[in-house]
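J.: Got a file for you: structure-v7.cif, mmCIF, C-alpha atoms.
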```cif
data_data
loop_
_atom_site.label_atom_id
_atom_site.label_comp_id
_atom_site.auth_asym_id
_atom_site.auth_seq_id
_atom_site.Cartn_x
_atom_site.Cartn_y
_atom_site.Cartn_z
CA MET A 1 -16.53 4.99 -26.59
CA LYS A 2 -13.14 3.54 -25.68
CA PHE A 3 -12.41 3.05 -21.99
CA ALA A 4 -9.23 2.42 -20.04
CA ILE A 5 -9.62 0.99 -16.56
CA VAL A 6 -6.84 1.33 -13.99
CA VAL A 7 -6.86 -0.97 -10.95
CA ARG A 8 -4.64 0.01 -8.03
CA SER A 9 -5.73 -2.37 -5.25
CA GLY A 10 -5.28 -6.09 -4.83
CA PRO A 11 -8.15 -8.59 -4.78
CA LEU A 12 -8.48 -8.38 -1.00
CA SER A 13 -6.89 -5.06 -0.01
CA SER A 14 -10.03 -3.08 -0.79
CA GLU A 15 -13.12 -3.29 -2.95
CA GLY A 16 -11.49 -1.52 -5.86
CA SER A 17 -10.77 -4.59 -7.94
CA ARG A 18 -14.28 -5.98 -7.49
CA SER A 19 -15.81 -2.60 -8.39
CA ALA A 20 -13.57 -2.35 -11.44
CA LEU A 21 -14.63 -5.77 -12.71
CA ARG A 22 -18.34 -4.98 -12.31
CA PHE A 23 -17.76 -1.69 -14.09
CA ALA A 24 -15.79 -3.36 -16.88
CA ARG A 25 -18.62 -5.83 -17.51
CA ALA A 26 -21.10 -2.96 -17.71
CA VAL A 27 -18.86 -1.03 -20.13
CA LEU A 28 -19.02 -3.91 -22.60
CA ALA A 29 -22.72 -4.60 -21.94
CA ASN A 30 -23.42 -0.95 -22.80
CA GLY A 31 -21.76 -1.47 -26.18
CA HIS A 32 -18.49 0.35 -25.44
CA ALA A 33 -14.95 -0.96 -25.82
CA ILE A 34 -12.18 -1.52 -23.29
CA GLU A 35 -8.79 -0.55 -24.71
CA ARG A 36 -6.87 -1.92 -21.75
CA VAL A 37 -7.19 -2.80 -18.09
CA PHE A 38 -3.97 -1.68 -16.41
CA PHE A 39 -3.09 -3.09 -13.00
CA HIS A 40 -0.68 -0.95 -11.02
CA GLY A 41 0.87 -1.16 -7.53
CA ASP A 42 -1.03 -3.70 -5.43
CA GLY A 43 -3.37 -4.09 -8.41
CA THR A 44 -0.82 -6.48 -9.88
CA TYR A 45 -1.87 -9.08 -7.28
CA ASN A 46 -5.07 -9.54 -9.31
CA ALA A 47 -3.01 -11.56 -11.79
CA SER A 48 -2.02 -14.25 -9.32
CA SER A 49 -2.16 -17.86 -10.45
CA LEU A 50 -1.46 -19.17 -6.97
CA THR A 51 -4.44 -18.04 -4.91
CA VAL A 52 -6.56 -20.63 -3.11
CA SER A 53 -10.00 -19.28 -2.29
CA PRO A 54 -12.56 -20.81 0.07
CA GLN A 55 -15.49 -22.42 -1.74
CA ASP A 56 -17.97 -19.78 -0.65
CA GLU A 57 -15.86 -16.85 -1.87
CA ASP A 58 -15.31 -15.48 -5.35
CA ASP A 59 -11.76 -15.61 -6.57
CA LEU A 60 -11.19 -12.27 -8.26
CA THR A 61 -8.00 -13.44 -9.94
CA GLU A 62 -9.98 -16.19 -11.63
CA ALA A 63 -12.86 -13.81 -12.41
CA TRP A 64 -10.57 -11.28 -14.11
CA ALA A 65 -8.76 -14.01 -16.04
CA GLU A 66 -12.01 -15.54 -17.28
CA PHE A 67 -13.44 -12.15 -18.22
CA GLY A 68 -10.24 -11.18 -20.02
CA ARG A 69 -10.15 -14.48 -21.87
CA GLN A 70 -13.83 -14.46 -22.89
CA GLN A 71 -13.75 -10.85 -24.04
CA ARG A 72 -10.20 -10.99 -25.44
CA LEU A 73 -9.13 -8.04 -23.36
CA ASP A 74 -5.69 -6.54 -22.92
CA LEU A 75 -5.05 -7.14 -19.21
CA VAL A 76 -1.70 -5.58 -18.39
CA ILE A 77 0.15 -5.65 -15.09
CA CYS A 78 2.90 -3.09 -14.48
CA VAL A 79 6.33 -4.76 -14.52
CA ALA A 80 7.86 -2.50 -11.85
CA SER A 81 4.99 -3.13 -9.43
CA ALA A 82 4.71 -6.82 -10.32
CA LEU A 83 8.31 -7.89 -9.79
CA LYS A 84 8.54 -6.31 -6.34
CA ARG A 85 5.40 -8.19 -5.33
CA GLY A 86 6.54 -11.57 -6.60
CA MET A 87 4.20 -11.46 -9.57
CA LEU A 88 6.33 -13.16 -12.22
CA ASP A 89 5.61 -14.85 -15.49
CA ALA A 90 7.73 -17.83 -16.57
CA GLY A 91 10.26 -15.60 -18.31
CA GLU A 92 10.79 -13.37 -15.29
CA ALA A 93 10.87 -16.35 -12.89
CA GLY A 94 13.64 -17.88 -14.99
CA ARG A 95 15.55 -14.64 -15.37
CA TYR A 96 15.56 -13.93 -11.65
CA GLU A 97 15.88 -17.57 -10.60
CA ARG A 98 12.70 -17.69 -8.60
CA ALA A 99 11.02 -20.95 -7.61
CA ALA A 100 7.82 -20.44 -9.57
CA ALA A 101 5.92 -18.30 -12.02
CA SER A 102 2.89 -16.71 -10.38
CA VAL A 103 0.98 -14.85 -13.07
CA ARG A 104 -2.06 -16.18 -14.92
CA PRO A 105 -1.55 -16.48 -18.68
CA GLU A 106 -4.40 -14.05 -19.41
CA PHE A 107 -2.28 -11.19 -18.06
CA VAL A 108 0.66 -9.54 -19.79
CA ILE A 109 3.51 -7.99 -17.82
CA SER A 110 4.49 -4.70 -19.39
CA GLY A 111 5.73 -1.21 -18.66
CA LEU A 112 4.00 1.99 -17.66
CA GLY A 113 4.19 3.08 -21.28
CA GLN A 114 1.06 0.94 -21.70
CA LEU A 115 -0.76 3.04 -19.12
CA ALA A 116 0.42 6.24 -20.78
CA ASP A 117 -0.56 4.97 -24.21
CA ALA A 118 -4.04 4.11 -22.93
CA ALA A 119 -4.42 7.48 -21.23
CA LEU A 120 -3.55 9.25 -24.46
CA THR A 121 -5.78 7.10 -26.66
CA VAL A 122 -9.08 6.49 -24.89
CA ASP A 123 -12.18 8.57 -24.40
CA ARG A 124 -12.57 7.80 -20.72
CA LEU A 125 -10.05 6.57 -18.14
CA VAL A 126 -11.44 5.38 -14.80
CA THR A 127 -9.27 4.49 -11.80
CA PHE A 128 -10.34 2.13 -9.04
CA GLY A 129 -8.91 1.13 -5.70
CA GLY A 130 -6.46 3.80 -4.65
CA MET B 1 -16.85 20.37 -19.81
CA ALA B 2 -18.25 18.43 -16.85
CA THR B 3 -16.37 16.08 -14.59
CA LEU B 4 -17.67 12.95 -12.90
CA HIS B 5 -16.10 12.77 -9.44
CA LEU B 6 -15.76 9.21 -8.13
CA ILE B 7 -15.51 8.83 -4.37
CA ASN B 8 -14.89 5.43 -2.77
CA LYS B 9 -14.08 6.19 0.87
CA SER B 10 -16.44 6.85 3.75
CA PRO B 11 -16.40 10.39 5.17
CA GLY B 12 -15.37 8.88 8.49
CA SER B 13 -12.17 7.46 7.06
CA SER B 14 -11.06 10.04 4.50
CA ASP B 15 -11.40 13.70 3.60
CA ALA B 16 -11.81 12.80 -0.08
CA LEU B 17 -15.46 13.82 -0.31
CA LYS B 18 -14.88 17.06 1.58
CA ALA B 19 -11.92 17.93 -0.64
CA CYS B 20 -13.93 17.16 -3.77
CA LEU B 21 -16.79 19.40 -2.65
CA ARG B 22 -14.40 22.35 -2.31
CA VAL B 23 -13.52 22.35 -5.99
CA ILE B 24 -16.51 20.79 -7.71
CA ALA B 25 -17.83 22.83 -10.65
CA ALA B 26 -21.47 23.76 -11.23
CA ASP B 27 -22.19 21.13 -13.88
CA ASP B 28 -20.12 18.31 -12.36
CA ALA B 29 -21.51 15.09 -10.89
CA ILE B 30 -20.52 12.99 -7.87
CA LEU B 31 -20.83 9.23 -7.76
CA LEU B 32 -20.42 7.43 -4.44
CA ILE B 33 -19.19 3.85 -4.65
CA GLU B 34 -17.94 1.28 -2.13
CA ASP B 35 -17.70 2.71 1.40
CA ALA B 36 -18.42 6.23 0.17
CA VAL B 37 -22.12 5.33 0.04
CA TYR B 38 -22.11 5.82 3.81
CA ALA B 39 -21.97 9.55 3.03
CA ALA B 40 -25.54 9.16 1.74
CA LEU B 41 -26.93 7.92 5.07
CA ALA B 42 -30.13 9.82 5.83
CA GLY B 43 -29.77 12.33 8.62
CA THR B 44 -26.07 12.91 8.14
CA GLU B 45 -24.52 16.25 7.27
CA THR B 46 -22.92 14.75 4.15
CA ALA B 47 -26.27 13.46 2.91
CA GLY B 48 -27.66 16.96 3.28
CA THR B 49 -24.82 18.39 1.21
CA LEU B 50 -25.23 15.71 -1.43
CA ALA B 51 -28.98 16.24 -1.93
CA GLY B 52 -29.56 17.07 -5.58
CA LEU B 53 -25.87 16.58 -6.28
CA GLY B 54 -24.78 13.07 -5.42
CA THR B 55 -25.58 9.67 -6.86
CA ALA B 56 -24.89 6.36 -5.14
CA LEU B 57 -24.18 2.96 -6.67
CA MET B 58 -27.08 0.66 -5.85
CA ALA B 59 -25.13 -2.57 -5.35
CA ASP B 60 -22.90 -0.89 -2.76
CA LEU B 61 -25.93 0.59 -0.95
CA GLU B 62 -27.69 -2.78 -0.83
CA ALA B 63 -24.62 -4.67 0.34
CA ARG B 64 -24.45 -2.27 3.29
CA GLY B 65 -28.16 -2.24 4.15
CA LEU B 66 -28.58 1.41 3.12
CA GLN B 67 -31.26 1.05 0.47
CA ARG B 68 -33.98 2.27 2.83
CA ARG B 69 -31.72 4.68 4.70
CA LEU B 70 -30.81 6.87 1.76
CA GLY B 71 -30.74 10.64 2.25
CA GLU B 72 -33.39 12.60 0.37
CA GLY B 73 -32.47 13.89 -3.07
CA ILE B 74 -29.65 11.41 -3.58
CA ALA B 75 -30.07 9.46 -6.81
CA THR B 76 -29.08 5.84 -7.35
CA VAL B 77 -27.71 4.04 -10.38
CA ASP B 78 -26.73 0.51 -11.24
CA GLU B 79 -23.51 -0.35 -13.10
CA HIS B 80 -25.06 0.54 -16.45
CA GLY B 81 -26.01 3.93 -15.08
CA PHE B 82 -22.43 4.28 -13.81
CA VAL B 83 -21.13 3.76 -17.33
CA GLU B 84 -23.67 6.22 -18.68
CA LEU B 85 -22.57 8.86 -16.19
CA CYS B 86 -19.03 8.40 -17.49
CA THR B 87 -20.10 8.94 -21.08
CA ARG B 88 -22.21 11.99 -20.25
CA CYS B 89 -19.33 13.73 -18.47
CA ASP B 90 -16.11 14.72 -20.21
CA ARG B 91 -13.70 13.07 -17.77
CA VAL B 92 -13.70 10.98 -14.59
CA MET B 93 -11.78 12.01 -11.48
CA SER B 94 -11.23 9.38 -8.78
CA TRP B 95 -10.52 10.78 -5.32
CA PHE B 96 -8.53 8.55 -2.96
CA MET C 1 -2.32 17.72 -27.57
CA THR C 2 -3.73 15.53 -24.79
CA HIS C 3 -3.61 17.08 -21.36
CA LEU C 4 -2.97 14.61 -18.53
CA LEU C 5 -3.48 15.68 -14.94
CA PHE C 6 -1.84 13.58 -12.23
CA HIS C 7 -3.49 14.11 -8.84
CA LEU C 8 -1.61 13.24 -5.64
CA ARG C 9 -3.57 13.10 -2.37
CA LYS C 10 -1.44 10.78 -0.29
CA PRO C 11 1.63 11.53 1.81
CA PRO C 12 4.93 9.71 1.20
CA HIS C 13 6.16 6.63 3.08
CA GLY C 14 2.76 5.37 4.33
CA SER C 15 1.98 3.94 0.91
CA THR C 16 3.66 3.46 -2.46
CA ALA C 17 1.26 5.85 -4.20
CA GLY C 18 3.88 8.59 -4.58
CA GLU C 19 6.49 6.28 -6.10
CA GLU C 20 3.93 4.81 -8.47
CA ALA C 21 2.85 8.29 -9.50
CA VAL C 22 6.42 9.39 -10.29
CA GLU C 23 6.97 6.28 -12.41
CA ALA C 24 3.71 6.86 -14.27
CA ILE C 25 4.51 10.53 -14.84
CA LEU C 26 7.96 9.78 -16.22
CA ALA C 27 6.59 7.06 -18.48
CA SER C 28 3.95 9.47 -19.78
CA SER C 29 6.46 12.26 -20.39
CA VAL C 30 8.11 10.15 -23.10
CA PHE C 31 5.02 10.64 -25.26
CA GLU C 32 5.29 14.42 -24.81
CA PRO C 33 1.70 15.18 -23.86
CA THR C 34 0.78 18.25 -21.81
CA LEU C 35 1.42 17.12 -18.24
CA THR C 36 0.35 18.74 -15.00
CA VAL C 37 1.02 17.30 -11.55
CA LEU C 38 -1.26 18.49 -8.78
CA PHE C 39 -0.44 17.95 -5.11
CA GLU C 40 -3.48 18.35 -2.89
CA GLY C 41 -4.59 17.28 0.59
CA ASP C 42 -1.87 15.14 2.19
CA GLY C 43 -0.29 14.97 -1.26
CA VAL C 44 1.46 18.31 -0.60
CA LEU C 45 3.61 16.44 1.95
CA GLN C 46 5.30 14.51 -0.90
CA LEU C 47 7.36 17.65 -1.52
CA LEU C 48 8.29 18.46 2.07
CA ALA C 49 11.98 19.22 2.59
CA ASP C 50 14.25 17.34 5.03
CA GLN C 51 12.82 13.87 4.40
CA GLN C 52 15.42 11.24 5.34
CA ALA C 53 14.60 8.03 3.54
CA ASP C 54 17.63 6.18 4.88
CA THR C 55 16.12 6.10 8.36
CA LEU C 56 13.47 3.71 7.01
CA GLY C 57 15.58 2.05 4.38
CA THR C 58 13.16 3.06 1.67
CA ARG C 59 13.65 4.76 -1.65
CA ASP C 60 14.27 8.50 -1.50
CA VAL C 61 10.84 9.59 -2.71
CA ALA C 62 11.60 13.30 -2.46
CA ALA C 63 14.58 12.85 -4.77
CA ASN C 64 12.24 11.22 -7.29
CA TRP C 65 10.15 14.35 -7.42
CA THR C 66 13.19 16.56 -8.00
CA ALA C 67 13.94 14.43 -11.08
CA LEU C 68 10.76 15.62 -12.79
CA PRO C 69 12.08 18.95 -14.09
CA VAL C 70 15.11 17.11 -15.49
CA TYR C 71 12.64 15.22 -17.69
CA GLU C 72 10.92 18.51 -18.56
CA VAL C 73 7.91 17.85 -16.35
CA GLU C 74 7.71 21.32 -14.94
CA ASP C 75 4.05 22.11 -14.48
CA LEU C 76 3.80 21.25 -10.79
CA ARG C 77 0.96 22.76 -8.81
CA VAL C 78 0.39 22.68 -5.08
CA HIS C 79 -3.03 23.34 -3.55
CA GLU C 80 -2.28 26.28 -1.29
CA PRO C 81 -5.14 25.75 1.20
CA SER C 82 -3.86 22.17 1.78
CA LEU C 83 -0.40 23.57 2.47
CA ARG C 84 -1.67 26.23 4.83
CA GLN C 85 -3.90 23.78 6.73
CA ARG C 86 -0.76 21.79 7.48
CA GLY C 87 1.07 24.82 8.79
CA LEU C 88 3.32 24.89 5.73
CA SER C 89 4.32 27.34 3.06
CA GLN C 90 6.17 27.19 -0.25
CA ALA C 91 9.44 27.71 1.63
CA ASP C 92 9.03 24.23 3.18
CA LEU C 93 9.04 22.47 -0.19
CA ILE C 94 11.90 20.95 -2.15
CA LEU C 95 10.81 22.17 -5.58
CA ASP C 96 9.63 25.31 -7.31
CA VAL C 97 5.92 24.93 -7.71
CA SER C 98 2.93 27.07 -8.61
CA LEU C 99 0.39 27.48 -5.86
CA VAL C 100 -3.28 27.12 -6.75
CA ASP C 101 -6.37 28.07 -4.79
CA ASP C 102 -9.74 26.28 -4.98
CA ALA C 103 -10.95 28.20 -8.02
CA GLN C 104 -7.72 27.58 -9.90
CA MET C 105 -7.90 23.89 -9.04
CA THR C 106 -11.45 23.76 -10.39
CA ALA C 107 -10.24 25.36 -13.63
CA LEU C 108 -7.30 22.97 -13.85
CA ILE C 109 -9.57 19.92 -13.57
CA ALA C 110 -11.79 21.28 -16.35
CA GLN C 111 -8.77 21.70 -18.66
CA ALA C 112 -7.60 18.09 -18.33
CA ASP C 113 -8.48 15.41 -20.86
CA GLN C 114 -7.74 12.59 -18.41
CA ILE C 115 -7.06 12.61 -14.69
CA LEU C 116 -4.94 9.93 -13.01
CA GLY C 117 -5.56 9.76 -9.27
CA PHE C 118 -3.05 8.47 -6.73
#
```
Write out the structure in this file as C-alpha cells.

T.:
Amino acid sequence: MKFAIVVRSGPLSSEGSRSALRFARAVLANGHAIERVFFHGDGTYNASSLTVSPQDEDDLTEAWAEFGRQQRLDLVICVASALKRGMLDAGEAGRYERAAASVRPEFVISGLGQLADAALTVDRLVTFGG
Amino acid sequence: MATLHLINKSPGSSDALKACLRVIAADDAILLIEDAVYAALAGTETAGTLAGLGTALMADLEARGLQRRLGEGIATVDEHGFVELCTRCDRVMSWF
Amino acid sequence: MTHLLFHLRKPPHGSTAGEEAVEAILASSVFEPTLTVLFEGDGVLQLLADQQADTLGTRDVAANWTALPVYEVEDLRVHEPSLRQRGLSQADLILDVSLVDDAQMTALIAQADQILGF
C-alpha cells in the first residue's frame, strides 16, 4: 500500500513528530511505500538545520533528515507555513534577504498542492500532531 | 468500510475521545497513541468504555508506566501492529 | 472521484489550525475532487459571526471561510449537537451550511476516501 504521512507539530511542541517517524519506519518495515511526508504548520520546524540538541536527547530534525536520505523519501514542508516560521532554503533566504538558510537539504519546500496530490493518490493518509 | 480512529490526547485535556465515541461505527477501531493511552488506565470510566473496542500503542504505554495498569479488554499493538490496523481499515481519522 | 473530508475541531485564533485548513482546502479544490468540510466540536466556532480580527491584528479567519463557496467548495457541514452545546444555532454563523447529527456524521465519515484532521 501507498501511505502519505502528514506532520502538524514541531519536534518539541508535542509528540506528534516522534510518533510519525516511528510510524513511518514501521510502514517501510512492513513492506509498504511512503509517497510523501508532508510537514504543515508547526510541522515545518522538523526541517530545521539550526537546532542544537543536548547530547542525551534525540534530535528529531536530524532523525527525519537521515531517514529521508536513507530511504530516498519525499519530505516536503509547506511553503506558506515554512516562510512565516523562518524555515527558509537558500533560495528563499536570498529572495527575502534573510541572514541564513535554515532548512536541511533533505527537505523540499513546496506548496499545499503536494498535500492534495498525496491525498488523492495514496491508499492511506495518516495525520500526526494536531 | 471501517475507519481507524486515531486519538492522541488524554481525556483530561481534550474531548477528542468522547467526540469520537459519539459517532464511531460498529466495525470501526480506535487506536490510542501518545497521551491518549491514559484513557486506558484501569479503573477509569474511559477504560471501561474502551473494553473490547480500544487498542493502545505499547511504546506509549511503557513510556508512561501503564503497561501493568491497563484496563481489561484493551488490546495493545506495537508500531507494526499500528501499520496493520491502518491497512485493515479503509481510512484513518485523526482526532485533535 | 476521490472524496476528501476535512475535519475541523479547533476554534479560531487560539491556533493556526483553521487558517491551515482553509489553505489546504483551497489547494485541494484545484484538483476538483469531491470535497466536504465538517465543523465539529469547537470547530463550529470557526464560522461564528461578528469576529473582529483587527482587534488582535491577525488575519480575518472568518473571511477566509466565506471565500470557500467562491472556489466552489460548497459542501460545508456543521455538527448540530456541537452547535447546540455551545448555545448556538445556524443563525449565529456566517455561512450557509448543512447541519448534521451524530448518525449523519457517522455516515459522512464512512463515505470519505481520506480524512484530513485539523

J.: Given all atoms listed in the file as the basis, pick out the residue of A:Arg98, A:Arg69, A:Arg36, A:Arg8 nearest to chain C.

T.: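 Closest residue, counting all atoms listed in the file: A:Arg8.
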
J.: Could you tell me how far CA of Leu85 (chain B) sits from CA of Gly52 (chain B), in Å to one decimal place?

T.: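 Between these atoms lies a distance of 15.1 Å.
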
J.: May I have a table of the residues of chain C lying at most 8 Å from chain A, giving each one's closest pair of atoms and their distance in Å to one decimal, counting only C-alpha atoms, ordered by chain and ascending residue number, as JSON lines?

T.:
```
{"residue": "C:Thr2", "atom": "CA", "partner": "A:Leu120", "partner_atom": "CA", "distance": 6.3}
{"residue": "C:Leu4", "atom": "CA", "partner": "A:Ala119", "partner_atom": "CA", "distance": 7.8}
{"residue": "C:Thr16", "atom": "CA", "partner": "A:Gly41", "partner_atom": "CA", "distance": 7.4}
{"residue": "C:Ala17", "atom": "CA", "partner": "A:Gly41", "partner_atom": "CA", "distance": 7.8}
{"residue": "C:Glu20", "atom": "CA", "partner": "A:Gly41", "partner_atom": "CA", "distance": 6.8}
{"residue": "C:Glu23", "atom": "CA", "partner": "A:Leu112", "partner_atom": "CA", "distance": 7.4}
{"residue": "C:Ala24", "atom": "CA", "partner": "A:Leu112", "partner_atom": "CA", "distance": 5.9}
{"residue": "C:Ala27", "atom": "CA", "partner": "A:Gly113", "partner_atom": "CA", "distance": 5.4}
{"residue": "C:Ser28", "atom": "CA", "partner": "A:Ala116", "partner_atom": "CA", "distance": 4.9}
{"residue": "C:Phe31", "atom": "CA", "partner": "A:Ala116", "partner_atom": "CA", "distance": 7.8}
{"residue": "C:Pro33", "atom": "CA", "partner": "A:Leu120", "partner_atom": "CA", "distance": 7.9}
{"residue": "C:Gln114", "atom": "CA", "partner": "A:Leu125", "partner_atom": "CA", "distance": 6.5}
{"residue": "C:Ile115", "atom": "CA", "partner": "A:Leu125", "partner_atom": "CA", "distance": 7.6}
{"residue": "C:Leu116", "atom": "CA", "partner": "A:Thr127", "partner_atom": "CA", "distance": 7.1}
{"residue": "C:Gly117", "atom": "CA", "partner": "A:Thr127", "partner_atom": "CA", "distance": 6.9}
{"residue": "C:Phe118", "atom": "CA", "partner": "A:Gly130", "partner_atom": "CA", "distance": 6.1}
```

J.: I need the residue nearest Asp35 (chain B) from this list: B:Ala19, B:Cys86, B:Phe96, B:Glu72. Use all atoms listed in the file for the distance.

T.: B:Phe96

J.: When you look at Phe82 (chain B) with a cut-off of 10 Å (counting all atoms listed in the file), what residues show up, excluding the ones that are within fewer than 2 positions of it in the same chain? I need them as a list in words.

T.: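 Near neighbours after the sequence-gap exclusion: Phe23, Ala26 and Val27 of chain A; Leu4, Leu31, Ile33, Thr55, Ala56, Leu57, Met58, Thr76, Val77, Asp78, Glu79, His80, Glu84, Leu85, Cys86 and Thr87 of chain B.
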
J.: Which chain B residues are at most 12 Å from chain C (counting only C-alpha atoms), as an mmCIF file with C-alpha atoms, keeping the file's coordinate frame?

T.:
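Result file follows (selection.cif):
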```
data_model
loop_
_atom_site.group_PDB
_atom_site.id
_atom_site.type_symbol
_atom_site.label_atom_id
_atom_site.label_comp_id
_atom_site.auth_asym_id
_atom_site.auth_seq_id
_atom_site.Cartn_x
_atom_site.Cartn_y
_atom_site.Cartn_z
ATOM 1 C CA MET B 1 -16.850 20.370 -19.810
ATOM 2 C CA ALA B 2 -18.250 18.430 -16.850
ATOM 3 C CA THR B 3 -16.370 16.080 -14.590
ATOM 4 C CA LEU B 4 -17.670 12.950 -12.900
ATOM 5 C CA HIS B 5 -16.100 12.770 -9.440
ATOM 6 C CA LEU B 6 -15.760 9.210 -8.130
ATOM 7 C CA ILE B 7 -15.510 8.830 -4.370
ATOM 8 C CA SER B 14 -11.060 10.040 4.500
ATOM 9 C CA ASP B 15 -11.400 13.700 3.600
ATOM 10 C CA ALA B 16 -11.810 12.800 -0.080
ATOM 11 C CA LEU B 17 -15.460 13.820 -0.310
ATOM 12 C CA LYS B 18 -14.880 17.060 1.580
ATOM 13 C CA ALA B 19 -11.920 17.930 -0.640
ATOM 14 C CA CYS B 20 -13.930 17.160 -3.770
ATOM 15 C CA LEU B 21 -16.790 19.400 -2.650
ATOM 16 C CA ARG B 22 -14.400 22.350 -2.310
ATOM 17 C CA VAL B 23 -13.520 22.350 -5.990
ATOM 18 C CA ILE B 24 -16.510 20.790 -7.710
ATOM 19 C CA ALA B 25 -17.830 22.830 -10.650
ATOM 20 C CA ALA B 26 -21.470 23.760 -11.230
ATOM 21 C CA ASP B 27 -22.190 21.130 -13.880
ATOM 22 C CA ASP B 28 -20.120 18.310 -12.360
ATOM 23 C CA CYS B 89 -19.330 13.730 -18.470
ATOM 24 C CA ASP B 90 -16.110 14.720 -20.210
ATOM 25 C CA ARG B 91 -13.700 13.070 -17.770
ATOM 26 C CA VAL B 92 -13.700 10.980 -14.590
ATOM 27 C CA MET B 93 -11.780 12.010 -11.480
ATOM 28 C CA SER B 94 -11.230 9.380 -8.780
ATOM 29 C CA TRP B 95 -10.520 10.780 -5.320
ATOM 30 C CA PHE B 96 -8.530 8.550 -2.960
#
```

J.: Report the residues retrieved by the PyMOL selection byres ((chain B and resi 38) around 12) from the displayed file, expressed as an MDAnalysis selection string.

T.: chainID B and resid 7:14 17 32:37 39:47 50 55:57 60:67 69:71 74

J.: Emit the selected residues as a PDB file, in the coordinates of the input, including C-alpha atoms.

T.:
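Ended up saving to selection-v6.pdb:
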```
ATOM      1  CA  ILE B   7     -15.510   8.830  -4.370  1.00  0.00           C
ATOM      2  CA  ASN B   8     -14.890   5.430  -2.770  1.00  0.00           C
ATOM      3  CA  LYS B   9     -14.080   6.190   0.870  1.00  0.00           C
ATOM      4  CA  SER B  10     -16.440   6.850   3.750  1.00  0.00           C
ATOM      5  CA  PRO B  11     -16.400  10.390   5.170  1.00  0.00           C
ATOM      6  CA  GLY B  12     -15.370   8.880   8.490  1.00  0.00           C
ATOM      7  CA  SER B  13     -12.170   7.460   7.060  1.00  0.00           C
ATOM      8  CA  SER B  14     -11.060  10.040   4.500  1.00  0.00           C
ATOM      9  CA  LEU B  17     -15.460  13.820  -0.310  1.00  0.00           C
ATOM     10  CA  LEU B  32     -20.420   7.430  -4.440  1.00  0.00           C
ATOM     11  CA  ILE B  33     -19.190   3.850  -4.650  1.00  0.00           C
ATOM     12  CA  GLU B  34     -17.940   1.280  -2.130  1.00  0.00           C
ATOM     13  CA  ASP B  35     -17.700   2.710   1.400  1.00  0.00           C
ATOM     14  CA  ALA B  36     -18.420   6.230   0.170  1.00  0.00           C
ATOM     15  CA  VAL B  37     -22.120   5.330   0.040  1.00  0.00           C
ATOM     16  CA  ALA B  39     -21.970   9.550   3.030  1.00  0.00           C
ATOM     17  CA  ALA B  40     -25.540   9.160   1.740  1.00  0.00           C
ATOM     18  CA  LEU B  41     -26.930   7.920   5.070  1.00  0.00           C
ATOM     19  CA  ALA B  42     -30.130   9.820   5.830  1.00  0.00           C
ATOM     20  CA  GLY B  43     -29.770  12.330   8.620  1.00  0.00           C
ATOM     21  CA  THR B  44     -26.070  12.910   8.140  1.00  0.00           C
ATOM     22  CA  GLU B  45     -24.520  16.250   7.270  1.00  0.00           C
ATOM     23  CA  THR B  46     -22.920  14.750   4.150  1.00  0.00           C
ATOM     24  CA  ALA B  47     -26.270  13.460   2.910  1.00  0.00           C
ATOM     25  CA  LEU B  50     -25.230  15.710  -1.430  1.00  0.00           C
ATOM     26  CA  THR B  55     -25.580   9.670  -6.860  1.00  0.00           C
ATOM     27  CA  ALA B  56     -24.890   6.360  -5.140  1.00  0.00           C
ATOM     28  CA  LEU B  57     -24.180   2.960  -6.670  1.00  0.00           C
ATOM     29  CA  ASP B  60     -22.900  -0.890  -2.760  1.00  0.00           C
ATOM     30  CA  LEU B  61     -25.930   0.590  -0.950  1.00  0.00           C
ATOM     31  CA  GLU B  62     -27.690  -2.780  -0.830  1.00  0.00           C
ATOM     32  CA  ALA B  63     -24.620  -4.670   0.340  1.00  0.00           C
ATOM     33  CA  ARG B  64     -24.450  -2.270   3.290  1.00  0.00           C
ATOM     34  CA  GLY B  65     -28.160  -2.240   4.150  1.00  0.00           C
ATOM     35  CA  LEU B  66     -28.580   1.410   3.120  1.00  0.00           C
ATOM     36  CA  GLN B  67     -31.260   1.050   0.470  1.00  0.00           C
ATOM     37  CA  ARG B  69     -31.720   4.680   4.700  1.00  0.00           C
ATOM     38  CA  LEU B  70     -30.810   6.870   1.760  1.00  0.00           C
ATOM     39  CA  GLY B  71     -30.740  10.640   2.250  1.00  0.00           C
ATOM     40  CA  ILE B  74     -29.650  11.410  -3.580  1.00  0.00           C
TER      41      ILE B  74
END
```

J.: Do a neighbour search on region 65-67 of chain C at 8 Å with all atoms listed in the file, toss out local chain neighbours closer than 4 positions, and write the hits as a ChimeraX atom specification.

T.: /C:22,47,61,71,94-95

J.: Can you pull region 102-108 of chain C out of that block with N, CA and C atoms and hand it back as a tab-separated table (two decimals), in the first residue's frame?

T.:
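Okay, this is what ended up in result_25.tsv:
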```
chain	number	residue	atom	x	y	z
C	102	ASP	N	-25.40	13.13	14.84
C	102	ASP	CA	-24.37	12.10	15.03
C	102	ASP	C	-24.43	11.03	13.94
C	103	ALA	N	-25.62	10.56	13.64
C	103	ALA	CA	-25.77	9.48	12.66
C	103	ALA	C	-25.31	9.94	11.28
C	104	GLN	N	-25.64	11.17	10.94
C	104	GLN	CA	-25.23	11.70	9.64
C	104	GLN	C	-23.73	11.89	9.58
C	105	MET	N	-23.13	12.26	10.72
C	105	MET	CA	-21.67	12.40	10.76
C	105	MET	C	-21.01	11.04	10.59
C	106	THR	N	-21.58	10.03	11.22
C	106	THR	CA	-21.04	8.67	11.06
C	106	THR	C	-21.06	8.27	9.59
C	107	ALA	N	-22.18	8.55	8.93
C	107	ALA	CA	-22.33	8.20	7.51
C	107	ALA	C	-21.34	8.97	6.65
C	108	LEU	N	-21.14	10.23	6.99
C	108	LEU	CA	-20.23	11.08	6.23
C	108	LEU	C	-18.80	10.54	6.30
```
